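**Q** upload-v2.cif is reproduced below (mmCIF, C-alpha atoms).
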data_data
#
loop_
_atom_site.label_atom_id
_atom_site.label_comp_id
_atom_site.auth_asym_id
_atom_site.auth_seq_id
_atom_site.Cartn_x
_atom_site.Cartn_y
_atom_site.Cartn_z
CA MET F 1 -84.64 -36.79 110.92
CA ARG F 2 -83.80 -35.35 107.49
CA THR F 3 -84.31 -37.87 104.67
CA LEU F 4 -83.05 -37.80 101.09
CA TYR F 5 -84.68 -40.00 98.45
CA HIS F 6 -82.08 -40.67 95.79
CA THR F 7 -80.77 -42.94 93.03
CA SER F 8 -77.09 -43.84 93.04
CA LEU F 9 -76.02 -42.98 89.49
CA SER F 10 -78.03 -39.73 89.23
CA PRO F 11 -75.73 -36.67 89.15
CA ASN F 12 -78.53 -34.49 90.56
CA CYS F 13 -78.77 -36.74 93.62
CA ARG F 14 -75.01 -37.00 94.05
CA LYS F 15 -74.77 -33.22 94.12
CA ILE F 16 -77.30 -32.95 96.96
CA ARG F 17 -75.54 -35.71 98.95
CA ILE F 18 -72.21 -33.87 98.59
CA LEU F 19 -73.80 -30.51 99.47
CA LEU F 20 -75.54 -31.86 102.58
CA ARG F 21 -72.24 -33.33 103.81
CA GLU F 22 -70.31 -30.13 103.08
CA LYS F 23 -72.94 -28.21 105.05
CA GLU F 24 -72.62 -30.80 107.85
CA LEU F 25 -76.36 -31.46 107.82
CA GLU F 26 -77.16 -34.97 108.99
CA PHE F 27 -79.45 -37.03 106.80
CA GLU F 28 -80.68 -40.50 106.08
CA GLN F 29 -80.46 -41.80 102.51
CA VAL F 30 -83.27 -43.84 101.00
CA ILE F 31 -82.77 -45.38 97.56
CA GLU F 32 -85.79 -44.66 95.39
CA ASN F 33 -85.92 -46.63 92.14
CA PHE F 34 -88.13 -43.97 90.55
CA TRP F 35 -88.67 -46.15 87.46
CA ASP F 36 -90.83 -48.40 89.67
CA ARG F 37 -93.31 -45.47 89.85
CA ARG F 38 -94.39 -46.08 93.47
CA THR F 39 -97.69 -44.39 94.29
CA GLU F 40 -96.36 -43.26 97.70
CA PHE F 41 -93.40 -41.59 96.00
CA PHE F 42 -95.67 -39.69 93.57
CA ALA F 43 -97.48 -38.38 96.65
CA LEU F 44 -94.17 -36.85 97.79
CA ASN F 45 -93.16 -35.55 94.37
CA PRO F 46 -95.79 -35.38 91.62
CA ALA F 47 -92.94 -35.34 89.08
CA GLY F 48 -92.00 -38.85 90.25
CA GLU F 49 -88.32 -37.92 90.11
CA VAL F 50 -85.33 -37.80 92.47
CA PRO F 51 -83.85 -36.12 94.49
CA VAL F 52 -86.52 -35.39 97.11
CA LEU F 53 -85.57 -34.00 100.51
CA LEU F 54 -87.78 -34.33 103.59
CA GLU F 55 -86.81 -31.80 106.22
CA PRO F 56 -87.11 -32.50 109.97
CA ASP F 57 -89.88 -29.84 110.17
CA GLY F 58 -91.99 -31.76 107.63
CA GLN F 59 -91.23 -29.72 104.49
CA THR F 60 -90.84 -31.68 101.27
CA ILE F 61 -88.46 -30.19 98.69
CA CYS F 62 -88.31 -31.62 95.19
CA GLY F 63 -85.56 -31.50 92.60
CA ASN F 64 -81.96 -30.39 92.39
CA TYR F 65 -82.69 -26.67 91.70
CA SER F 66 -85.22 -26.16 94.48
CA ILE F 67 -83.19 -28.18 97.03
CA THR F 68 -79.85 -26.41 96.42
CA GLU F 69 -81.37 -22.93 96.61
CA TYR F 70 -83.37 -23.93 99.69
CA LEU F 71 -80.33 -25.31 101.53
CA GLU F 72 -78.36 -22.18 100.74
CA GLU F 73 -81.17 -19.93 102.01
CA ALA F 74 -82.16 -21.97 105.04
CA TYR F 75 -78.65 -22.72 106.39
CA ARG F 76 -76.66 -19.51 106.18
CA ASP F 77 -73.55 -20.34 108.22
CA ASN F 78 -70.93 -18.13 106.56
CA ASN F 79 -68.28 -20.84 106.51
CA LYS F 80 -70.57 -23.18 104.65
CA ARG F 81 -72.04 -21.01 101.91
CA PHE F 82 -71.42 -22.46 98.49
CA LEU F 83 -73.09 -20.02 96.11
CA GLY F 84 -70.74 -17.13 96.92
CA GLY F 85 -71.18 -13.98 98.92
CA SER F 86 -71.67 -11.03 96.57
CA ILE F 87 -74.30 -10.90 93.87
CA GLY F 88 -71.55 -10.96 91.23
CA GLU F 89 -70.07 -14.16 92.68
CA ARG F 90 -73.51 -15.77 92.81
CA THR F 91 -74.12 -14.91 89.17
CA GLU F 92 -70.86 -16.58 88.15
CA ILE F 93 -71.34 -19.68 90.32
CA ARG F 94 -74.89 -20.17 89.03
CA ARG F 95 -73.56 -19.82 85.46
CA LEU F 96 -71.11 -22.67 86.16
CA VAL F 97 -73.75 -24.81 87.88
CA ASP F 98 -75.93 -24.32 84.80
CA TRP F 99 -72.97 -25.19 82.55
CA PHE F 100 -72.79 -28.66 84.07
CA ASP F 101 -76.46 -29.30 84.85
CA ASP F 102 -77.67 -28.08 81.46
CA LYS F 103 -74.92 -27.98 78.82
CA PHE F 104 -72.65 -30.77 80.07
CA ASN F 105 -75.69 -32.87 80.95
CA ARG F 106 -77.12 -32.47 77.44
CA GLU F 107 -73.82 -32.94 75.62
CA VAL F 108 -72.20 -35.65 77.76
CA THR F 109 -74.14 -37.18 80.69
CA GLN F 110 -77.37 -37.86 78.79
CA ASN F 111 -75.42 -39.30 75.85
CA ILE F 112 -73.47 -41.69 78.05
CA VAL F 113 -75.10 -42.32 81.47
CA PHE F 114 -78.68 -42.11 80.23
CA GLU F 115 -77.93 -44.34 77.23
CA LYS F 116 -75.92 -46.95 79.16
CA VAL F 117 -77.73 -47.01 82.51
CA PHE F 118 -81.12 -45.33 82.65
CA LYS F 119 -82.48 -46.61 79.32
CA ARG F 120 -82.08 -50.11 80.73
CA LEU F 121 -83.67 -49.23 84.07
CA LEU F 122 -86.53 -47.27 82.48
CA ARG F 123 -86.95 -49.95 79.79
CA CYS F 124 -87.03 -47.35 77.03
CA GLY F 125 -84.98 -48.94 74.28
CA GLU F 126 -81.43 -49.92 73.45
CA PRO F 127 -78.38 -47.66 73.97
CA GLN F 128 -77.63 -45.70 70.77
CA SER F 129 -73.97 -46.04 69.83
CA ASP F 130 -73.94 -42.70 67.95
CA ALA F 131 -75.12 -40.90 71.13
CA ILE F 132 -72.40 -42.59 73.20
CA ARG F 133 -69.83 -41.64 70.56
CA ALA F 134 -71.01 -38.00 70.61
CA GLY F 135 -70.78 -37.93 74.44
CA LYS F 136 -67.22 -39.29 74.37
CA LYS F 137 -66.20 -36.66 71.85
CA ASN F 138 -67.92 -33.78 73.70
CA ILE F 139 -66.37 -34.61 77.07
CA LEU F 140 -62.90 -33.62 75.80
CA TYR F 141 -63.57 -29.89 75.52
CA HIS F 142 -65.34 -29.88 78.88
CA LEU F 143 -62.17 -31.32 80.44
CA GLU F 144 -60.29 -28.47 78.75
CA TYR F 145 -62.78 -25.99 80.19
CA ILE F 146 -62.16 -27.38 83.71
CA ALA F 147 -58.43 -26.89 83.10
CA PHE F 148 -59.05 -23.32 81.88
CA LEU F 149 -61.13 -22.46 84.97
CA THR F 150 -58.53 -23.88 87.36
CA GLN F 151 -55.53 -22.28 85.65
CA GLU F 152 -55.06 -19.76 88.44
CA HIS F 153 -57.36 -21.14 91.13
CA ARG F 154 -57.87 -24.37 93.04
CA PHE F 155 -61.57 -24.59 92.34
CA LEU F 156 -63.86 -23.81 89.40
CA GLY F 157 -65.25 -20.57 90.82
CA GLY F 158 -62.07 -19.34 92.55
CA ASP F 159 -60.06 -20.47 95.57
CA MET F 160 -63.06 -21.63 97.56
CA LEU F 161 -65.13 -24.75 97.05
CA THR F 162 -68.55 -23.87 95.58
CA LEU F 163 -71.66 -25.54 94.26
CA ALA F 164 -70.03 -25.38 90.80
CA ASP F 165 -67.39 -27.91 91.88
CA MET F 166 -69.98 -30.15 93.51
CA THR F 167 -72.14 -30.09 90.38
CA ALA F 168 -69.23 -30.89 88.07
CA ALA F 169 -67.90 -33.61 90.40
CA ALA F 170 -71.37 -35.16 90.60
CA HIS F 171 -71.54 -35.47 86.80
CA PHE F 172 -67.94 -36.61 86.31
CA SER F 173 -68.23 -39.23 89.06
CA THR F 174 -71.16 -40.98 87.34
CA LEU F 175 -69.24 -41.00 84.05
CA ASP F 176 -66.12 -42.23 85.82
CA TYR F 177 -68.12 -45.08 87.36
CA LEU F 178 -68.73 -46.26 83.80
CA GLY F 179 -65.05 -45.79 82.93
CA ASP F 180 -65.93 -43.04 80.46
CA VAL F 181 -63.71 -40.15 81.53
CA PRO F 182 -60.41 -40.02 79.55
CA TRP F 183 -58.45 -38.41 82.41
CA ASP F 184 -55.20 -38.63 80.48
CA HIS F 185 -56.59 -36.07 78.03
CA ASN F 186 -55.89 -33.25 80.49
CA ALA F 187 -53.60 -33.29 83.55
CA LYS F 188 -55.02 -30.07 85.03
CA ALA F 189 -58.61 -31.35 84.95
CA LYS F 190 -57.44 -34.61 86.52
CA GLU F 191 -55.72 -32.62 89.29
CA TRP F 192 -58.98 -30.77 90.06
CA TYR F 193 -60.89 -34.08 90.21
CA ALA F 194 -58.22 -35.62 92.48
CA LEU F 195 -58.74 -32.67 94.85
CA MET F 196 -62.51 -33.28 94.79
CA LYS F 197 -62.05 -37.03 95.30
CA SER F 198 -60.01 -36.40 98.44
CA ARG F 199 -62.98 -34.69 100.15
CA PRO F 200 -64.96 -36.90 102.56
CA SER F 201 -68.22 -35.53 101.06
CA VAL F 202 -67.29 -36.91 97.63
CA ARG F 203 -65.72 -40.10 98.99
CA SER F 204 -68.98 -41.04 100.69
CA VAL F 205 -70.68 -40.96 97.28
CA LEU F 206 -67.91 -42.94 95.57
CA SER F 207 -68.38 -45.87 97.96
CA ASP F 208 -71.78 -46.74 96.36
CA ARG F 209 -71.98 -49.80 94.17
CA VAL F 210 -74.73 -50.67 91.68
CA ALA F 211 -74.92 -54.42 91.10
CA ALA F 212 -75.29 -54.36 87.31
CA PHE F 213 -72.26 -52.10 86.72
CA GLN F 214 -68.68 -52.41 88.01
CA PRO F 215 -66.54 -49.25 88.24
CA PRO F 216 -62.91 -49.29 87.02
CA ALA F 217 -60.07 -49.91 89.51
CA HIS F 218 -59.09 -46.23 89.79
CA TYR F 219 -62.66 -45.08 90.58
CA GLU F 220 -62.28 -44.43 94.33
CA ASN F 221 -58.56 -43.73 94.40
CA PRO F 222 -57.61 -40.02 94.73
CA ASP F 223 -54.15 -40.87 93.30
CA PHE F 224 -55.23 -42.21 89.95
CA MET H 225 -78.72 0.53 78.42
CA ARG H 226 -79.65 -3.03 79.37
CA THR H 227 -79.33 -5.49 76.46
CA LEU H 228 -80.73 -9.00 76.06
CA TYR H 229 -79.28 -11.35 73.45
CA HIS H 230 -82.02 -13.81 72.53
CA THR H 231 -83.53 -16.16 69.94
CA SER H 232 -87.23 -15.89 69.19
CA LEU H 233 -88.40 -19.49 69.59
CA SER H 234 -86.29 -20.28 72.68
CA PRO H 235 -88.49 -20.73 75.80
CA ASN H 236 -85.56 -19.73 78.03
CA CYS H 237 -85.27 -16.39 76.23
CA ARG H 238 -89.03 -15.80 76.20
CA LYS H 239 -89.11 -16.26 79.96
CA ILE H 240 -86.47 -13.57 80.51
CA ARG H 241 -88.23 -11.17 78.14
CA ILE H 242 -91.52 -11.66 80.05
CA LEU H 243 -89.78 -11.32 83.43
CA LEU H 244 -87.95 -8.11 82.47
CA ARG H 245 -91.25 -6.56 81.33
CA GLU H 246 -93.10 -7.69 84.46
CA LYS H 247 -90.32 -6.12 86.53
CA GLU H 248 -90.62 -2.96 84.38
CA LEU H 249 -86.91 -3.02 83.58
CA GLU H 250 -86.19 -1.38 80.23
CA PHE H 251 -84.07 -3.32 77.80
CA GLU H 252 -83.00 -3.59 74.20
CA GLN H 253 -83.39 -6.92 72.42
CA VAL H 254 -80.73 -8.24 70.07
CA ILE H 255 -81.43 -11.39 68.08
CA GLU H 256 -78.48 -13.76 68.37
CA ASN H 257 -78.55 -16.70 65.96
CA PHE H 258 -76.32 -18.71 68.26
CA TRP H 259 -75.99 -21.49 65.66
CA ASP H 260 -73.80 -19.06 63.65
CA ARG H 261 -71.22 -19.39 66.48
CA ARG H 262 -70.02 -15.75 66.34
CA THR H 263 -66.63 -15.30 68.00
CA GLU H 264 -67.78 -12.04 69.67
CA PHE H 265 -70.73 -13.86 71.19
CA PHE H 266 -68.51 -16.61 72.63
CA ALA H 267 -66.53 -13.82 74.29
CA LEU H 268 -69.74 -12.79 76.09
CA ASN H 269 -70.83 -16.33 76.94
CA PRO H 270 -68.31 -19.18 76.60
CA ALA H 271 -71.27 -21.59 76.40
CA GLY H 272 -72.28 -19.88 73.13
CA GLU H 273 -75.93 -20.03 74.19
CA VAL H 274 -78.81 -17.60 74.76
CA PRO H 275 -80.15 -15.80 76.76
CA VAL H 276 -77.34 -13.41 77.76
CA LEU H 277 -78.10 -10.20 79.65
CA LEU H 278 -75.79 -7.19 79.66
CA GLU H 279 -76.56 -4.91 82.59
CA PRO H 280 -76.11 -1.12 82.41
CA ASP H 281 -73.25 -1.41 84.95
CA GLY H 282 -71.34 -3.71 82.60
CA GLN H 283 -72.14 -7.08 84.22
CA THR H 284 -72.73 -9.98 81.84
CA ILE H 285 -75.17 -12.64 83.04
CA CYS H 286 -75.51 -15.91 81.14
CA GLY H 287 -78.36 -18.40 81.00
CA ASN H 288 -81.92 -18.63 82.21
CA TYR H 289 -81.07 -19.88 85.75
CA SER H 290 -78.42 -17.28 86.57
CA ILE H 291 -80.43 -14.41 85.01
CA THR H 292 -83.72 -15.15 86.79
CA GLU H 293 -82.07 -15.52 90.21
CA TYR H 294 -79.97 -12.39 89.58
CA LEU H 295 -82.99 -10.26 88.58
CA GLU H 296 -84.89 -11.43 91.65
CA GLU H 297 -81.96 -10.60 93.95
CA ALA H 298 -80.92 -7.34 92.32
CA TYR H 299 -84.38 -5.77 91.92
CA ARG H 300 -86.26 -6.37 95.14
CA ASP H 301 -89.31 -4.12 94.73
CA ASN H 302 -91.91 -5.97 96.79
CA ASN H 303 -94.66 -5.54 94.21
CA LYS H 304 -92.53 -7.14 91.55
CA ARG H 305 -91.10 -10.21 93.23
CA PHE H 306 -91.91 -13.36 91.34
CA LEU H 307 -90.25 -16.12 93.36
CA GLY H 308 -92.48 -15.68 96.41
CA GLY H 309 -91.84 -14.14 99.81
CA SER H 310 -91.34 -16.90 102.38
CA ILE H 311 -88.82 -19.69 102.02
CA GLY H 312 -91.68 -22.21 101.68
CA GLU H 313 -93.19 -20.25 98.79
CA ARG H 314 -89.83 -20.01 97.08
CA THR H 315 -89.33 -23.77 97.38
CA GLU H 316 -92.68 -24.41 95.72
CA ILE H 317 -92.22 -21.85 92.94
CA ARG H 318 -88.76 -23.17 92.12
CA ARG H 319 -90.22 -26.71 92.03
CA LEU H 320 -92.73 -25.52 89.41
CA VAL H 321 -90.10 -23.60 87.43
CA ASP H 322 -88.04 -26.80 87.38
CA TRP H 323 -91.13 -28.79 86.33
CA PHE H 324 -91.36 -26.78 83.11
CA ASP H 325 -87.67 -26.05 82.45
CA ASP H 326 -86.56 -29.61 83.12
CA LYS H 327 -89.41 -32.15 82.96
CA PHE H 328 -91.73 -30.42 80.47
CA ASN H 329 -88.72 -29.37 78.40
CA ARG H 330 -87.43 -32.95 78.23
CA GLU H 331 -90.82 -34.57 77.64
CA VAL H 332 -92.43 -32.00 75.34
CA THR H 333 -90.44 -28.95 74.17
CA GLN H 334 -87.33 -30.85 73.08
CA ASN H 335 -89.42 -33.47 71.33
CA ILE H 336 -91.37 -30.89 69.34
CA VAL H 337 -89.64 -27.48 69.16
CA PHE H 338 -86.10 -28.86 69.04
CA GLU H 339 -87.05 -31.48 66.45
CA LYS H 340 -89.06 -29.14 64.20
CA VAL H 341 -87.12 -25.87 64.54
CA PHE H 342 -83.67 -26.09 66.08
CA LYS H 343 -82.50 -29.25 64.30
CA ARG H 344 -82.95 -27.35 61.06
CA LEU H 345 -81.20 -24.22 62.33
CA LEU H 346 -78.35 -26.18 63.93
CA ARG H 347 -78.11 -28.48 60.88
CA CYS H 348 -78.06 -31.56 63.06
CA GLY H 349 -80.27 -34.00 61.19
CA GLU H 350 -83.89 -34.55 60.23
CA PRO H 351 -86.83 -34.25 62.67
CA GLN H 352 -87.65 -37.66 64.19
CA SER H 353 -91.35 -38.41 63.87
CA ASP H 354 -91.35 -40.74 66.91
CA ALA H 355 -89.98 -37.91 69.08
CA ILE H 356 -92.67 -35.52 67.82
CA ARG H 357 -95.31 -38.17 68.49
CA ALA H 358 -94.01 -38.68 72.05
CA GLY H 359 -94.08 -34.90 72.66
CA LYS H 360 -97.69 -34.65 71.45
CA LYS H 361 -98.71 -37.48 73.73
CA ASN H 362 -96.82 -36.13 76.77
CA ILE H 363 -98.26 -32.62 76.50
CA LEU H 364 -101.73 -33.89 77.44
CA TYR H 365 -100.95 -34.72 81.06
CA HIS H 366 -99.04 -31.47 81.47
CA LEU H 367 -102.20 -29.61 80.41
CA GLU H 368 -104.03 -31.61 83.05
CA TYR H 369 -101.40 -30.65 85.62
CA ILE H 370 -101.92 -26.94 84.76
CA ALA H 371 -105.66 -27.49 85.32
CA PHE H 372 -104.96 -29.23 88.64
CA LEU H 373 -102.73 -26.37 89.84
CA THR H 374 -105.29 -23.70 88.88
CA GLN H 375 -108.29 -25.54 90.35
CA GLU H 376 -108.58 -23.11 93.25
CA HIS H 377 -106.21 -20.34 92.18
CA ARG H 378 -105.75 -18.00 89.24
CA PHE H 379 -102.07 -18.80 88.77
CA LEU H 380 -99.87 -21.89 89.03
CA GLY H 381 -98.32 -20.99 92.39
CA GLY H 382 -101.39 -19.35 93.97
CA ASP H 383 -103.31 -16.13 93.36
CA MET H 384 -100.26 -14.10 92.37
CA LEU H 385 -98.33 -14.25 89.14
CA THR H 386 -94.94 -15.93 89.65
CA LEU H 387 -91.94 -17.12 87.69
CA ALA H 388 -93.71 -20.50 87.43
CA ASP H 389 -96.40 -18.96 85.18
CA MET H 390 -93.81 -17.13 83.09
CA THR H 391 -91.78 -20.31 82.62
CA ALA H 392 -94.81 -22.38 81.62
CA ALA H 393 -96.14 -19.63 79.31
CA ALA H 394 -92.72 -19.33 77.66
CA HIS H 395 -92.73 -23.06 76.83
CA PHE H 396 -96.39 -23.25 75.77
CA SER H 397 -96.08 -20.18 73.55
CA THR H 398 -93.27 -21.72 71.46
CA LEU H 399 -95.32 -24.91 71.04
CA ASP H 400 -98.42 -22.87 70.21
CA TYR H 401 -96.45 -21.00 67.53
CA LEU H 402 -96.02 -24.37 65.83
CA GLY H 403 -99.73 -25.18 66.33
CA ASP H 404 -98.84 -28.04 68.67
CA VAL H 405 -100.92 -27.33 71.78
CA PRO H 406 -104.28 -29.18 71.75
CA TRP H 407 -106.07 -26.52 73.83
CA ASP H 408 -109.42 -28.29 73.47
CA HIS H 409 -108.03 -31.12 75.60
CA ASN H 410 -108.51 -29.07 78.76
CA ALA H 411 -110.68 -25.96 79.23
CA LYS H 412 -109.10 -25.00 82.58
CA ALA H 413 -105.57 -25.03 81.16
CA LYS H 414 -106.78 -22.97 78.21
CA GLU H 415 -108.31 -20.46 80.64
CA TRP H 416 -104.97 -20.07 82.44
CA TYR H 417 -103.16 -19.51 79.13
CA ALA H 418 -105.80 -16.95 78.02
CA LEU H 419 -105.08 -15.06 81.25
CA MET H 420 -101.35 -15.14 80.48
CA LYS H 421 -101.91 -14.09 76.86
CA SER H 422 -103.80 -11.00 78.02
CA ARG H 423 -100.70 -9.66 79.82
CA PRO H 424 -98.70 -7.02 77.90
CA SER H 425 -95.46 -8.83 78.90
CA VAL H 426 -96.57 -11.99 77.10
CA ARG H 427 -98.21 -10.15 74.20
CA SER H 428 -94.92 -8.44 73.38
CA VAL H 429 -93.36 -11.89 72.92
CA LEU H 430 -96.26 -13.19 70.82
CA SER H 431 -95.80 -10.43 68.24
CA ASP H 432 -92.49 -11.99 67.03
CA ARG H 433 -92.50 -13.73 63.67
CA VAL H 434 -89.88 -16.17 62.36
CA ALA H 435 -89.84 -16.21 58.54
CA ALA H 436 -89.63 -19.98 58.07
CA PHE H 437 -92.59 -20.78 60.34
CA GLN H 438 -96.13 -19.34 60.36
CA PRO H 439 -98.13 -19.47 63.60
CA PRO H 440 -101.80 -20.55 63.53
CA ALA H 441 -104.56 -17.89 63.38
CA HIS H 442 -105.40 -18.13 67.11
CA TYR H 443 -101.77 -17.64 68.22
CA GLU H 444 -101.96 -14.02 69.41
CA ASN H 445 -105.66 -13.91 70.27
CA PRO H 446 -106.45 -14.08 74.02
CA ASP H 447 -110.00 -15.25 73.12
CA PHE H 448 -109.11 -18.40 71.27
#
Now, as a test, write the supplied structure out as structure tokens.

**A**
Amino acid sequence: MRTLYHTSLSPNCRKIRILLREKELEFEQVIENFWDRRTEFFALNPAGEVPVLLEPDGQTICGNYSITEYLEEAYRDNNKRFLGGSIGERTEIRRLVDWFDDKFNREVTQNIVFEKVFKRLLRCGEPQSDAIRAGKKNILYHLEYIAFLTQEHRFLGGDMLTLADMTAAAHFSTLDYLGDVPWDHNAKAKEWYALMKSRPSVRSVLSDRVAAFQPPAHYENPDF
Amino acid sequence: MRTLYHTSLSPNCRKIRILLREKELEFEQVIENFWDRRTEFFALNPAGEVPVLLEPDGQTICGNYSITEYLEEAYRDNNKRFLGGSIGERTEIRRLVDWFDDKFNREVTQNIVFEKVFKRLLRCGEPQSDAIRAGKKNILYHLEYIAFLTQEHRFLGGDMLTLADMTAAAHFSTLDYLGDVPWDHNAKAKEWYALMKSRPSVRSVLSDRVAAFQPPAHYENPDF
């Protein structure tokens, strides 16, 4: 059986869970509280971080970047390719993936989700209110960028669902769990997220609950 | 002509410069002080960040992730492939690339290079001495990890040079420019870096100087 070690409020893990479901690859989910620093987990991934994927053939694949590229290379069913077909499409989709995993992560997710959730779990200090404020300010222009990208298309990279949408939805869903996405700021961005929320792959992620944090009432509802 | 927009002390840019030279792809370098937020540069890359590669056929490719994967896909000369041949090799090399671009970057580079150099350039506050201290502490076990990986091989991913070595060398070289790599901590790690320093691709990067910062005497010397 395929096994994914993950943490619920990690965008990197959410992306892999969505991608595996979109590719219709069965898997078992194991919650790994990586802040517990289990010796057995370090044996799987010397970085001590999630996500980690164990393939049925015994391969261990560590981290969001390596796992997404691996899944795209190993499972090449044309109807379930999410990095695009041509080299030009791949270049653009990877640019968008990087936008959310690097830029958005640095400007928004780290400032809000890391400060509010992971600092507590990792016991590395108190949330900094100026970081949270910066994250809440930065998220506005990213919502506008989502609207810009979907002006003439359903999805971020065109009319087909790609890894760019899954990456963005993974980040936004963790922020939305904390009630920190001002959806009313941009109707077009909200429309894109409603489309993502209606997908079974995303819905399966939204059903998670983490005891210490309660999501807002609209969190799972595609009509929000 | 191929053009790379870059900033000297950015590890992401250094990696692309090393990779282009290892692939023997000619290019022109243009220094982009991205903190000046030039309108023309935002037209090339809406993220306003470096590196950006303009290909001779007019394609624009933005960011370290998209550029490295593009170069590996577009130029497939078997003697100059740096992500490995088999899918298993690629998985491992991407894990190591991610180790340095994500984990090492977060634990070391951001704490030292961002605090000392980019905060000043981006005018976003004073360097935090506790961050610099954390970076200097964290770098030690990464040196030990380099030593572990090269115990039985010349390079990080085996006996061939890969993108993992270029990524790690790109990060270490920016820290070394600031005199912040305690090479005496680990002789094996120092040996690996001496091997990297002796490559013309890396040497061409080490010849850069940034007016406000002077590198230590050993910086360019492969016998240090």

**Q** Give as a PyMOL selection string the residues that the PyMOL selection byres ((chain F) within 8 of (chain H)) matches when applied to the coordinates above.

**A** chain F and resi 47+61-63+65-67+70+73-74+87+90-92+94-95+98-99+103

**Q** Restricting it to C-alpha atoms, dump the selection as a PDB file, keeping the file's coordinate frame.

**A**
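This is the output file out.pdb:
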ATOM      1  CA  ALA F  47     -92.940 -35.340  89.080  1.00  0.00           C
ATOM      2  CA  ILE F  61     -88.460 -30.190  98.690  1.00  0.00           C
ATOM      3  CA  CYS F  62     -88.310 -31.620  95.190  1.00  0.00           C
ATOM      4  CA  GLY F  63     -85.560 -31.500  92.600  1.00  0.00           C
ATOM      5  CA  TYR F  65     -82.690 -26.670  91.700  1.00  0.00           C
ATOM      6  CA  SER F  66     -85.220 -26.160  94.480  1.00  0.00           C
ATOM      7  CA  ILE F  67     -83.190 -28.180  97.030  1.00  0.00           C
ATOM      8  CA  TYR F  70     -83.370 -23.930  99.690  1.00  0.00           C
ATOM      9  CA  GLU F  73     -81.170 -19.930 102.010  1.00  0.00           C
ATOM     10  CA  ALA F  74     -82.160 -21.970 105.040  1.00  0.00           C
ATOM     11  CA  ILE F  87     -74.300 -10.900  93.870  1.00  0.00           C
ATOM     12  CA  ARG F  90     -73.510 -15.770  92.810  1.00  0.00           C
ATOM     13  CA  THR F  91     -74.120 -14.910  89.170  1.00  0.00           C
ATOM     14  CA  GLU F  92     -70.860 -16.580  88.150  1.00  0.00           C
ATOM     15  CA  ARG F  94     -74.890 -20.170  89.030  1.00  0.00           C
ATOM     16  CA  ARG F  95     -73.560 -19.820  85.460  1.00  0.00           C
ATOM     17  CA  ASP F  98     -75.930 -24.320  84.800  1.00  0.00           C
ATOM     18  CA  TRP F  99     -72.970 -25.190  82.550  1.00  0.00           C
ATOM     19  CA  LYS F 103     -74.920 -27.980  78.820  1.00  0.00           C
TER      20      LYS F 103
END

**Q** From the list H:Thr333, H:Thr386, H:Gln352, H:Asn362, which residue is nearest Gly308 of chain H when using only C-alpha atoms?

**A**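 Counting only C-alpha atoms, the residue closest to Gly308 of chain H is H:Thr386.
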
**Q** Restricting the calculation to all atoms listed in the file, which member of H:His230, H:Leu277, H:Val405, H:Leu387 is positioned closest to Glu256 of chain H?

**A**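 Of the candidates, the smallest distance to Glu256 of chain H is held by H:His230.
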
**Q** For this file, the PyMOL selection byres ((chain H and resi 413) around 8) selects which residues, as a ChimeraX atom specification?

**A** /H:367-368,370-371,374,407,410-412,414-417

**Q** So, with all atoms listed in the file as the atoms that count, which of F:Val108, F:Tyr75, F:Asp36, F:Ser173 lies closest to Arg123 of chain F?

**A** F:Asp36

**Q** Would you place a box with edges along x, y and z of the file around all atoms of segment 395-405 of chain H listed there, add 8 Å to each of its six sides, and report the centre and edge lengths in Å to one decimal, as JSON?

**A**
{"center_x": -96.8, "center_y": -24.1, "center_z": 71.3, "size_x": 24.2, "size_y": 23.9, "size_z": 27.0}

**Q** Just the number, please: distance in Å from atom CA of Leu380 of chain H to atom CA of Ala393 of chain H, one decimal.

**A**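 Distance reported for this atom pair: 10.7 Å.
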
**Q** What's the separation between atom CA of Ala394 of chain H and atom CA of Cys237 of chain H, in Å to one decimal place?

**A**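 Between these atoms lies a distance of 8.1 Å.
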
**Q** Tell me, as a list of chain:residue names, which residues lie within 10 Å of Asp180 of chain F, counting all atoms listed in the file; anything in the same chain fewer than 6 positions away does not count.

**A**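 Near Asp180 of chain F, the qualifying residues are F:Ile112, F:Val113, F:Ile132, F:Gly135, F:Lys136, F:Ile139, F:Phe172, F:Ser173, F:Thr174, F:Pro215, F:Pro216.
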
**Q** Show me that you can extract segment 247-263 of chain H, keeping C-alpha atoms, and write it as a PDB file, in the first residue's frame.

**A**
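Okay, this is what ended up in result_2.pdb:
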ATOM      1  CA  LYS H 247      25.740  22.803 -19.617  1.00  0.00           C
ATOM      2  CA  GLU H 248      28.019  24.956 -21.820  1.00  0.00           C
ATOM      3  CA  LEU H 249      25.148  27.242 -22.768  1.00  0.00           C
ATOM      4  CA  GLU H 250      26.377  30.733 -23.607  1.00  0.00           C
ATOM      5  CA  PHE H 251      24.652  33.616 -21.904  1.00  0.00           C
ATOM      6  CA  GLU H 252      24.899  37.273 -21.060  1.00  0.00           C
ATOM      7  CA  GLN H 253      24.507  38.346 -17.437  1.00  0.00           C
ATOM      8  CA  VAL H 254      22.556  41.450 -16.489  1.00  0.00           C
ATOM      9  CA  ILE H 255      22.568  42.600 -12.881  1.00  0.00           C
ATOM     10  CA  GLU H 256      19.021  43.341 -11.759  1.00  0.00           C
ATOM     11  CA  ASN H 257      18.738  45.157  -8.431  1.00  0.00           C
ATOM     12  CA  PHE H 258      15.235  43.822  -7.933  1.00  0.00           C
ATOM     13  CA  TRP H 259      14.745  46.002  -4.836  1.00  0.00           C
ATOM     14  CA  ASP H 260      14.582  49.003  -7.230  1.00  0.00           C
ATOM     15  CA  ARG H 261      11.274  47.519  -8.516  1.00  0.00           C
ATOM     16  CA  ARG H 262      11.776  48.540 -12.175  1.00  0.00           C
ATOM     17  CA  THR H 263       8.516  48.536 -14.125  1.00  0.00           C
TER      18      THR H 263
END
